[in-house]
Amino acid sequence: MSERNAADFGIRIGTMTPGPSNSMADIAGLSFGHVTLSNGAVQTGVSVIHPHGGSLFEEKCVAAAHVINGFGKSVGLMQLTELGQLETPIVLTNTLSVGTASTALVRHMLADHPAIGEATGTVNPLVMECNDGAYLNDIRGLHVTQDHVADALVQRLSHCQHGAIGAGTGMSAYELKGGIGSASRLVPAGPQSYRLAALTLCNMGLLCDLVVDGQPVGRMLERQQGADEEKGSIIIILTTDAPLTARQLQRLCVRASAGLARTGTQFGSGSGDIVLAFTTANRIPHDMPQDPVTMIEHLHENALDPFFRATIEATEEAILTAMFAAERTEGKHGRCRESLADLWPSLPLKKD
């Protein structure tokens, strides 16, 4: 894990103002947890996002999702899309550990809520994944355990860490080292100012396609024939403190595709590219109030354009930060993924 980000290398994506930390930590109330497993052929882990500090089951977040390409094995997206509600922390891990992570997340929720499955319904765990076994990690070893997931869930870190950490430990991006990145933007809306942030779990792309702030960096770096088809994945998490409906959040999710495309990916057939968005502004009570008619504030549709721009900028920058922050990693079969940060000084870049 490194403290580097894209801005440290002179990268300035877009025109909007970043938040104070230029990360998902700029959204008040969020916290994070990671367990990193990095030892030889074992390059994997777990990452957790807590959308607020209270009980998500009792006070659900308004949420939405969009599938860019559905080559993925996530749990919980179907109900989330149907109801527009997020009721558990978000767990990120590798593809073959989704079942383990889901069980651990359910156990975590059962421990905190004795009513689940008894006095009320069950719970919809949300687990999302990328395949770190394609290159660096011994994914067949099933090294992520329920205890690892439980350890990540009890952490409440206020700082959003980047790079080869947690679920990002064994990920690759554009045939370089991938991982976790995030970025944020300040978004004006009339007299108010809101924040929007993106977090990306990056495991996608071909080196020849990599674009960094409009420059064809992949073609500059390509020294030998690389892979001929894209088989990676990316998970994009968007969050904001603006009052948006599930339908409006779904519109943000669609715009994240543009931020991803700006880095060069072709959305390959074997790539699982999924976007999730939630707001911390509107909470949905689990129990129906005596008066079932509830009022909810939300932004006017004509105020959404700055949020679309913020989504695109933050997504693009989060991907680049993941790559700049991730350090050179050796994994299974002696394979290695180099860090973009190490290669950056040698590039013949155009200067402003």
# chains A, B, ... in the order shown; residues from 1 in each chain; ligands from 1

call {"tool": "residues_around", "arguments": {"residues": "segment 298-313 of chain A", "least_positions_apart": "2", "cutoff": "9 Å", "atoms": "only C-alpha atoms", "output": "PyMOL selection string"}}
result
chain A and resi 13-16+183-190+195-198+238+242-245+248+251-253+255-260+262+282+296+315-318

call {"tool": "residues_around", "arguments": {"residues": "His50 of chain A", "least_positions_apart": "6", "cutoff": "7 Å", "atoms": "only C-alpha atoms", "output": "short mmCIF file (atom, residue, chain, number, x, y, z; two decimals) with N, CA and C atoms, in the first residue's frame"}}
result
data_model
loop_
_atom_site.label_atom_id
_atom_site.label_comp_id
_atom_site.auth_asym_id
_atom_site.auth_seq_id
_atom_site.Cartn_x
_atom_site.Cartn_y
_atom_site.Cartn_z
N LEU A 30 -18.41 7.85 6.11
CA LEU A 30 -17.88 6.62 5.55
C LEU A 30 -16.67 6.13 6.33
N SER A 31 -16.49 4.82 6.36
CA SER A 31 -15.28 4.25 6.93
C SER A 31 -14.93 2.98 6.15
N PHE A 32 -13.71 2.48 6.38
CA PHE A 32 -13.17 1.45 5.51
C PHE A 32 -12.43 0.38 6.32
N PRO A 89 -22.84 -3.38 4.79
CA PRO A 89 -21.58 -2.86 4.25
C PRO A 89 -21.29 -3.51 2.89
N ILE A 90 -20.44 -2.86 2.12
CA ILE A 90 -20.02 -3.37 0.81
C ILE A 90 -18.70 -4.12 1.00
#

call {"tool": "closest_residue", "arguments": {"among": "A:Ser269, A:Gln215, A:Thr240, A:Asn137", "to": "Leu347 of chain A", "atoms": "only C-alpha atoms"}}
result
A:Gln215

call {"tool": "residues_around", "arguments": {"residues": "Arg337 of chain A", "least_positions_apart": "5", "cutoff": "6 Å", "atoms": "only C-alpha atoms", "output": "ChimeraX atom specification"}}
result
/A:176-177,328-329

call {"tool": "residues_around", "arguments": {"residues": "Leu340 of chain A", "least_positions_apart": "5", "cutoff": "10 Å", "atoms": "only C-alpha atoms", "output": "list in words"}}
result
Ala173, Tyr174, Leu176, Lys177, Gly178, Val217, Leu221, Leu320, Thr321, Ala322, Met323, Phe324, Ala325, Ala326, Glu327, Arg328 and Pro345 of chain A

call {"tool": "write_last_selection", "arguments": {"atoms": "N, CA and C atoms", "output": "short mmCIF file (atom, residue, chain, number, x, y, z; two decimals), in the first residue's frame"}}
result
data_model
loop_
_atom_site.label_atom_id
_atom_site.label_comp_id
_atom_site.auth_asym_id
_atom_site.auth_seq_id
_atom_site.Cartn_x
_atom_site.Cartn_y
_atom_site.Cartn_z
N ALA A 173 -4.05 -4.06 -13.87
CA ALA A 173 -4.77 -3.07 -14.67
C ALA A 173 -3.90 -2.69 -15.86
N TYR A 174 -4.43 -2.86 -17.06
CA TYR A 174 -3.69 -2.58 -18.29
C TYR A 174 -2.35 -3.30 -18.30
N LEU A 176 -0.38 -3.85 -16.05
CA LEU A 176 0.49 -3.33 -15.00
C LEU A 176 -0.16 -3.65 -13.67
N LYS A 177 0.40 -3.17 -12.57
CA LYS A 177 -0.20 -3.46 -11.27
C LYS A 177 -1.45 -2.61 -11.07
N GLY A 178 -2.53 -3.27 -10.73
CA GLY A 178 -3.78 -2.59 -10.41
C GLY A 178 -4.03 -2.57 -8.92
N VAL A 217 -0.24 6.41 -23.23
CA VAL A 217 0.86 5.87 -22.42
C VAL A 217 1.09 4.40 -22.72
N LEU A 221 4.67 2.48 -23.65
CA LEU A 221 5.27 1.47 -22.78
C LEU A 221 5.39 0.11 -23.42
N LEU A 320 -6.62 5.82 -12.26
CA LEU A 320 -5.21 6.18 -12.38
C LEU A 320 -4.52 6.18 -11.02
N THR A 321 -5.22 6.64 -9.99
CA THR A 321 -4.63 6.60 -8.65
C THR A 321 -4.37 5.17 -8.20
N ALA A 322 -5.27 4.26 -8.52
CA ALA A 322 -5.03 2.85 -8.19
C ALA A 322 -3.73 2.35 -8.81
N MET A 323 -3.47 2.76 -10.04
CA MET A 323 -2.28 2.29 -10.74
C MET A 323 -1.01 2.98 -10.25
N PHE A 324 -1.09 4.27 -9.96
CA PHE A 324 0.08 4.98 -9.45
C PHE A 324 0.41 4.55 -8.02
N ALA A 325 -0.62 4.25 -7.23
CA ALA A 325 -0.39 3.88 -5.83
C ALA A 325 0.10 2.45 -5.67
N ALA A 326 -0.31 1.57 -6.59
CA ALA A 326 0.06 0.16 -6.47
C ALA A 326 1.54 -0.04 -6.73
N GLU A 327 2.17 -0.80 -5.88
CA GLU A 327 3.61 -1.05 -6.02
C GLU A 327 3.88 -2.33 -6.80
N ARG A 328 5.05 -2.43 -7.35
CA ARG A 328 5.48 -3.63 -8.09
C ARG A 328 5.24 -4.87 -7.25
N PRO A 345 8.63 8.02 -15.05
CA PRO A 345 9.70 8.99 -15.37
C PRO A 345 10.32 8.79 -16.73
#

call {"tool": "residues_around", "arguments": {"residues": "Glu82 of chain A", "least_positions_apart": "2", "cutoff": "12 Å", "atoms": "only C-alpha atoms", "output": "number ranges by chain"}}
result
A: 62-66, 76-80, 84-86, 124, 246-247, 250
